[in-house]
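Asker: Next comes data-v2.cif, mmCIF, C-alpha atoms:
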```cif
data_run
loop_
_atom_site.group_PDB
_atom_site.id
_atom_site.type_symbol
_atom_site.label_atom_id
_atom_site.label_comp_id
_atom_site.auth_asym_id
_atom_site.auth_seq_id
_atom_site.Cartn_x
_atom_site.Cartn_y
_atom_site.Cartn_z
ATOM 1 C CA THR E 30 -47.343 109.022 130.713
ATOM 2 C CA THR E 31 -43.831 107.776 130.019
ATOM 3 C CA MET E 32 -41.317 105.478 131.689
ATOM 4 C CA THR E 33 -37.668 104.713 131.043
ATOM 5 C CA VAL E 34 -36.660 101.068 131.339
ATOM 6 C CA GLY E 35 -33.113 99.914 130.644
ATOM 7 C CA GLY E 36 -32.290 103.165 128.883
ATOM 8 C CA ARG E 37 -35.340 103.049 126.589
ATOM 9 C CA THR E 38 -38.202 105.485 127.039
ATOM 10 C CA TYR E 39 -41.747 104.331 126.368
ATOM 11 C CA ASP E 40 -45.088 106.107 126.130
ATOM 12 C CA ILE E 41 -47.690 104.159 128.146
ATOM 13 C CA LEU E 42 -50.919 104.252 126.148
ATOM 14 C CA GLY E 43 -54.485 103.125 126.611
ATOM 15 C CA PHE E 44 -56.510 101.923 123.638
ATOM 16 C CA LEU E 45 -60.086 102.297 124.890
ATOM 17 C CA GLU E 46 -62.197 105.035 123.353
ATOM 18 C CA GLY E 47 -65.066 107.065 124.790
ATOM 19 C CA ASP E 48 -66.903 105.183 127.511
ATOM 20 C CA GLU E 49 -65.663 101.728 126.502
ATOM 21 C CA LYS E 50 -64.893 99.383 129.396
ATOM 22 C CA SER E 51 -63.134 96.825 127.165
ATOM 23 C CA VAL E 52 -62.623 95.752 123.559
ATOM 24 C CA VAL E 53 -61.940 92.395 121.971
ATOM 25 C CA GLY E 54 -58.262 91.643 121.372
ATOM 26 C CA HIS E 55 -58.387 92.099 117.603
ATOM 27 C CA THR E 56 -59.673 95.664 118.071
ATOM 28 C CA MET E 57 -56.917 96.324 120.608
ATOM 29 C CA VAL E 58 -54.286 95.146 118.084
ATOM 30 C CA THR E 59 -55.683 97.406 115.354
ATOM 31 C CA ARG E 60 -55.651 100.419 117.667
ATOM 32 C CA ALA E 61 -52.149 99.608 118.958
ATOM 33 C CA THR E 62 -50.908 99.350 115.369
ATOM 34 C CA ASN E 63 -52.513 102.690 114.476
ATOM 35 C CA MET E 64 -50.737 104.287 117.467
ATOM 36 C CA GLU E 65 -47.413 102.630 116.494
ATOM 37 C CA ALA E 66 -47.581 100.828 119.825
ATOM 38 C CA ASN E 67 -47.538 97.217 118.578
ATOM 39 C CA LEU E 68 -44.201 96.220 120.058
ATOM 40 C CA GLY E 69 -42.824 92.714 119.788
ATOM 41 C CA GLN E 70 -40.747 90.149 121.609
ATOM 42 C CA GLU E 71 -37.528 92.167 121.695
ATOM 43 C CA ASP E 72 -39.143 95.022 123.638
ATOM 44 C CA GLY E 73 -41.086 92.632 125.873
ATOM 45 C CA GLU E 74 -37.922 90.780 126.843
ATOM 46 C CA HIS E 75 -36.163 94.119 127.384
ATOM 47 C CA LEU E 76 -38.887 95.122 129.855
ATOM 48 C CA LEU E 77 -38.478 91.846 131.726
ATOM 49 C CA LYS E 78 -34.674 92.095 131.781
ATOM 50 C CA TYR E 79 -34.744 95.618 133.243
ATOM 51 C CA GLN E 80 -37.934 95.226 135.262
ATOM 52 C CA SER E 81 -36.415 96.913 138.304
ATOM 53 C CA ASP E 82 -36.756 100.168 136.308
ATOM 54 C CA ILE E 83 -40.542 99.797 135.957
ATOM 55 C CA PRO E 84 -42.171 102.247 138.393
ATOM 56 C CA VAL E 85 -43.319 100.541 141.608
ATOM 57 C CA ALA E 86 -46.626 102.422 141.347
ATOM 58 C CA LEU E 87 -47.539 100.254 138.322
ATOM 59 C CA GLN E 88 -47.165 96.933 140.155
ATOM 60 C CA GLY E 89 -50.480 95.117 140.168
ATOM 61 C CA LYS E 90 -52.239 97.967 138.388
ATOM 62 C CA VAL E 91 -51.103 97.647 134.756
ATOM 63 C CA ILE E 92 -50.698 94.823 132.266
ATOM 64 C CA PHE E 93 -48.436 95.644 129.326
ATOM 65 C CA VAL E 94 -49.625 94.044 126.070
ATOM 66 C CA PHE E 95 -47.101 93.331 123.301
ATOM 67 C CA SER E 96 -49.378 92.801 120.310
ATOM 68 C CA GLY E 97 -46.426 92.160 117.986
ATOM 69 C CA TRP E 98 -45.147 89.283 120.179
ATOM 70 C CA ARG E 99 -47.254 86.263 119.276
ATOM 71 C CA ARG E 100 -47.408 82.831 120.828
ATOM 72 C CA PRO E 101 -45.296 80.511 118.656
ATOM 73 C CA GLU E 102 -47.960 77.829 118.294
ATOM 74 C CA SER E 103 -50.873 80.244 117.812
ATOM 75 C CA SER E 104 -50.979 83.741 116.327
ATOM 76 C CA GLU E 105 -54.120 84.292 118.450
ATOM 77 C CA GLY E 106 -51.968 84.526 121.577
ATOM 78 C CA VAL E 107 -50.239 87.813 122.449
ATOM 79 C CA ALA E 108 -47.633 88.358 125.127
ATOM 80 C CA CYS E 109 -48.567 90.318 128.227
ATOM 81 C CA VAL E 110 -46.238 91.420 131.009
ATOM 82 C CA CYS E 111 -47.931 91.668 134.397
ATOM 83 C CA TRP E 112 -47.022 91.846 138.069
ATOM 84 C CA GLY E 113 -46.767 88.346 139.499
ATOM 85 C CA GLY E 114 -46.666 89.282 143.190
ATOM 86 C CA ASP E 115 -42.900 89.622 143.530
ATOM 87 C CA ARG E 116 -41.723 90.290 139.979
ATOM 88 C CA TRP E 117 -42.958 91.089 136.463
ATOM 89 C CA VAL E 118 -43.764 87.965 134.419
ATOM 90 C CA GLN E 119 -44.772 87.208 130.855
ATOM 91 C CA ILE E 120 -48.098 85.453 130.222
ATOM 92 C CA TRP E 121 -50.203 84.856 127.098
ATOM 93 C CA GLY E 122 -53.464 86.653 126.375
ATOM 94 C CA TRP E 123 -55.922 85.438 123.729
ATOM 95 C CA LEU E 124 -57.184 87.839 121.072
ATOM 96 C CA GLY E 125 -60.683 86.388 121.371
ATOM 97 C CA ILE E 126 -61.095 87.810 124.886
ATOM 98 C CA ASP E 127 -61.664 91.376 126.011
ATOM 99 C CA PHE E 128 -58.828 93.689 126.998
ATOM 100 C CA GLY E 129 -59.769 96.439 129.418
ATOM 101 C CA ALA E 130 -58.839 99.488 131.424
ATOM 102 C CA SER E 131 -55.794 98.019 133.192
ATOM 103 C CA ASP E 132 -54.233 96.851 129.911
ATOM 104 C CA ARG E 133 -51.747 99.188 128.252
ATOM 105 C CA VAL E 134 -49.621 99.205 125.125
ATOM 106 C CA LEU E 135 -46.207 100.819 124.837
ATOM 107 C CA ARG E 136 -44.729 102.995 122.124
ATOM 108 C CA ARG E 137 -40.963 103.333 122.144
ATOM 109 C CA LYS E 138 -39.819 106.917 121.892
ATOM 110 C CA SER E 139 -36.968 107.776 119.551
ATOM 111 C CA ALA E 140 -33.604 108.268 121.197
#
```
The structure given in the file should be rewritten as structure tokens.

Answerer:
Amino acid sequence: TTMTVGGRTYDILGFLEGDEKSVVGHTMVTRATNMEANLGQEDGEHLLKYQSDIPVALQGKVIFVFSGWRRPESSEGVACVCWGGDRWVQIWGWLGIDFGASDRVLRRKSA
């Protein structure tokens, strides 16, 4: 699945394998990196800036994880963009917790 946000096209990718229900954050980061889907702060802020382009069907159903965007005071925190009820917002997820079926990573497609 793809989406175009603010003129950039992204592949929306899952990172679970087989019958997994969730994986710990460090495993998610490794898989995102292997898929070249470990985007950082610049792409996360781009998504927030042009959030009106994010398909309505994804509201409340998907959390976008930006494994390359780390919390300044702790590299164990990764940025997540989720639906906050009336807009998309950025929150922090901890790599020590599990990431599951509603979490997705993005890979930017070449122009």

Asker: Evaluate the PyMOL selection byres ((chain E and resi 106) around 6) against this structure - the residues, as a PyMOL selection string, please.

Answerer: chain E and resi 99-100+103-105+107+121-123

Asker: Generate the output file for the selected residues, C-alpha atoms, as a PDB file, keeping the file's coordinate frame.

Answerer:
```
ATOM      1  CA  ARG E  99     -47.254  86.263 119.276  1.00  0.00           C
ATOM      2  CA  ARG E 100     -47.408  82.831 120.828  1.00  0.00           C
ATOM      3  CA  SER E 103     -50.873  80.244 117.812  1.00  0.00           C
ATOM      4  CA  SER E 104     -50.979  83.741 116.327  1.00  0.00           C
ATOM      5  CA  GLU E 105     -54.120  84.292 118.450  1.00  0.00           C
ATOM      6  CA  VAL E 107     -50.239  87.813 122.449  1.00  0.00           C
ATOM      7  CA  TRP E 121     -50.203  84.856 127.098  1.00  0.00           C
ATOM      8  CA  GLY E 122     -53.464  86.653 126.375  1.00  0.00           C
ATOM      9  CA  TRP E 123     -55.922  85.438 123.729  1.00  0.00           C
TER      10      TRP E 123
END
```

Asker: Could you check how far CA of Gln70 in chain E sits from CA of Ala108 in chain E, in Å to one decimal?

Answerer: 7.9 Å

Asker: Here is a test: counting only C-alpha atoms, which residue of E:Leu87, E:Phe95, E:Asp132, E:Leu77 is nearest to Trp117 in chain E?

Answerer: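 For Trp117 in chain E, the nearest of the given residues is E:Leu77.
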
Asker: Quick one: distance from CA of Thr33 in chain E to CA of Pro84 in chain E in Å, one decimal?

Answerer: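 CA of Pro84 in chain E lies 9.0 Å from CA of Thr33 in chain E.
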
Asker: Translate the PyMOL selection byres ((chain E and resi 38) around 12) into a concrete residue list for this structure, as a VMD selection string.

Answerer: chain E and resid 30 to 37 39 to 41 72 75 to 76 82 to 83 135 to 140

Asker: Between CA of Asp115 in chain E and CA of Ser96 in chain E, what distance in Å does the model show, to one decimal?

Answerer: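 Distance between the two atoms: 24.3 Å.
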
Asker: I need the residue nearest Asn63 in chain E from this list: E:Phe93, E:Phe44, E:Trp112, E:Phe128. Use all atoms listed in the file for the distance.

Answerer: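 Of E:Phe93, E:Phe44, E:Trp112, E:Phe128, the one nearest Asn63 in chain E is E:Phe44, counting all atoms listed in the file.
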
Asker: Which residues, written as a list of chain:residue names, have at least one atom at most 6 Å from Asn67 in chain E, with only C-alpha atoms counted and residues fewer than 3 positions away on the same chain left out?

Answerer: E:Ala61, E:Thr62, E:Ser96, E:Gly97

Asker: Find the spatial neighbours of Gln119 in chain E, counting only C-alpha atoms, within a cut-off of 7 Å - ignore same-chain residues fewer than 5 positions away - and output them as a count of residues only.

Answerer: 4

Asker: So which residues are close to (-60.2, 93.7, 122.1), meaning at most 10 Å away in the file's coordinates with all atoms listed in the file counted, and can you show them as a list in words?

Answerer: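 It turns out the residues near that spot are Phe44, Leu45, Ser51, Val52, Val53, Gly54, His55, Thr56, Met57, Val58, Thr59, Arg60, Trp123, Leu124, Gly125, Ile126, Asp127, Phe128 and Gly129 of chain E.
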
Asker: Quick one: of E:Val118, E:Asp48, E:Val94, E:Val85, who's nearest to Ala66 in chain E, counting only C-alpha atoms?

Answerer: E:Val94

Asker: Once 3 Å is added on each side, what centre and edge lengths in Å to one decimal does the axis-aligned box around all listed atoms of range 80-93 of chain E have, as AutoDock Vina command-line options?

Answerer:
```
--center_x -44.3 --center_y 98.6 --center_z 135.5 --size_x 21.8 --size_y 13.6 --size_z 18.3
```

Asker: Would you mind telling me which residue in E:Ile92, E:Leu68, E:Ile120, E:Val134 lies nearest to Gly43 in chain E when using all atoms listed in the file?

Answerer: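 Once distances to Gly43 in chain E are computed over all atoms listed in the file, the minimum belongs to E:Val134.
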
Asker: Pick the closest to Glu65 in chain E from E:Glu102, E:Lys90, E:Ser131, E:Leu42: which is it, counting all atoms listed in the file?

Answerer: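 The answer is E:Leu42, which sits nearest to Glu65 in chain E.
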
Asker: Can you patch up range 33-51 of chain E, filling it in to N, CA, C and O atoms, and show the result as an mmCIF file, in the frame of the given file?

Answerer:
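Once everything was written out, this is rebuild12.cif:
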```cif
data_model
loop_
_atom_site.group_PDB
_atom_site.id
_atom_site.type_symbol
_atom_site.label_atom_id
_atom_site.label_comp_id
_atom_site.auth_asym_id
_atom_site.auth_seq_id
_atom_site.Cartn_x
_atom_site.Cartn_y
_atom_site.Cartn_z
ATOM 1 N N THR E 33 -38.937 105.108 131.636
ATOM 2 C CA THR E 33 -37.668 104.713 131.043
ATOM 3 C C THR E 33 -37.240 103.412 131.708
ATOM 4 O O THR E 33 -37.134 103.329 132.935
ATOM 5 N N VAL E 34 -37.020 102.404 130.876
ATOM 6 C CA VAL E 34 -36.660 101.068 131.339
ATOM 7 C C VAL E 34 -35.424 100.625 130.572
ATOM 8 O O VAL E 34 -35.456 100.547 129.337
ATOM 9 N N GLY E 35 -34.334 100.373 131.291
ATOM 10 C CA GLY E 35 -33.113 99.914 130.644
ATOM 11 C C GLY E 35 -32.597 100.866 129.586
ATOM 12 O O GLY E 35 -32.083 100.435 128.562
ATOM 13 N N GLY E 36 -32.771 102.160 129.818
ATOM 14 C CA GLY E 36 -32.290 103.165 128.883
ATOM 15 C C GLY E 36 -33.231 103.483 127.732
ATOM 16 O O GLY E 36 -32.955 104.373 126.940
ATOM 17 N N ARG E 37 -34.342 102.782 127.635
ATOM 18 C CA ARG E 37 -35.340 103.049 126.589
ATOM 19 C C ARG E 37 -36.534 103.747 127.222
ATOM 20 O O ARG E 37 -37.006 103.334 128.281
ATOM 21 N N THR E 38 -37.036 104.762 126.534
ATOM 22 C CA THR E 38 -38.202 105.485 127.039
ATOM 23 C C THR E 38 -39.430 105.066 126.237
ATOM 24 O O THR E 38 -39.390 104.998 125.006
ATOM 25 N N TYR E 39 -40.489 104.785 126.964
ATOM 26 C CA TYR E 39 -41.747 104.331 126.368
ATOM 27 C C TYR E 39 -42.892 105.250 126.777
ATOM 28 O O TYR E 39 -42.974 105.677 127.931
ATOM 29 N N ASP E 40 -43.796 105.507 125.821
ATOM 30 C CA ASP E 40 -45.088 106.107 126.130
ATOM 31 C C ASP E 40 -45.990 104.960 126.580
ATOM 32 O O ASP E 40 -46.019 103.903 125.935
ATOM 33 N N ILE E 41 -46.719 105.146 127.664
ATOM 34 C CA ILE E 41 -47.690 104.159 128.146
ATOM 35 C C ILE E 41 -49.060 104.620 127.664
ATOM 36 O O ILE E 41 -49.532 105.690 128.058
ATOM 37 N N LEU E 42 -49.687 103.824 126.816
ATOM 38 C CA LEU E 42 -50.919 104.252 126.148
ATOM 39 C C LEU E 42 -52.085 103.307 126.422
ATOM 40 O O LEU E 42 -51.928 102.088 126.443
ATOM 41 N N GLY E 43 -53.243 103.883 126.576
ATOM 42 C CA GLY E 43 -54.485 103.125 126.611
ATOM 43 C C GLY E 43 -55.043 103.036 125.201
ATOM 44 O O GLY E 43 -54.679 103.820 124.327
ATOM 45 N N PHE E 44 -55.932 102.098 124.974
ATOM 46 C CA PHE E 44 -56.510 101.923 123.638
ATOM 47 C C PHE E 44 -58.030 101.984 123.655
ATOM 48 O O PHE E 44 -58.662 101.873 122.606
ATOM 49 N N LEU E 45 -58.629 102.178 124.827
ATOM 50 C CA LEU E 45 -60.086 102.297 124.890
ATOM 51 C C LEU E 45 -60.508 103.688 124.434
ATOM 52 O O LEU E 45 -59.773 104.660 124.622
ATOM 53 N N GLU E 46 -61.681 103.765 123.851
ATOM 54 C CA GLU E 46 -62.197 105.035 123.353
ATOM 55 C C GLU E 46 -63.538 105.346 124.013
ATOM 56 O O GLU E 46 -64.314 104.432 124.307
ATOM 57 N N GLY E 47 -63.782 106.632 124.216
ATOM 58 C CA GLY E 47 -65.066 107.065 124.790
ATOM 59 C C GLY E 47 -65.336 106.396 126.116
ATOM 60 O O GLY E 47 -64.484 106.376 126.999
ATOM 61 N N ASP E 48 -66.524 105.816 126.241
ATOM 62 C CA ASP E 48 -66.903 105.183 127.511
ATOM 63 C C ASP E 48 -66.722 103.664 127.491
ATOM 64 O O ASP E 48 -67.312 102.957 128.302
ATOM 65 N N GLU E 49 -65.905 103.167 126.574
ATOM 66 C CA GLU E 49 -65.663 101.728 126.502
ATOM 67 C C GLU E 49 -65.035 101.219 127.798
ATOM 68 O O GLU E 49 -64.173 101.868 128.381
ATOM 69 N N LYS E 50 -65.471 100.057 128.228
ATOM 70 C CA LYS E 50 -64.893 99.383 129.396
ATOM 71 C C LYS E 50 -63.861 98.347 128.948
ATOM 72 O O LYS E 50 -62.936 98.025 129.686
ATOM 73 N N SER E 51 -64.043 97.816 127.727
ATOM 74 C CA SER E 51 -63.134 96.825 127.165
ATOM 75 C C SER E 51 -63.409 96.693 125.670
ATOM 76 O O SER E 51 -64.446 97.153 125.180
#
```
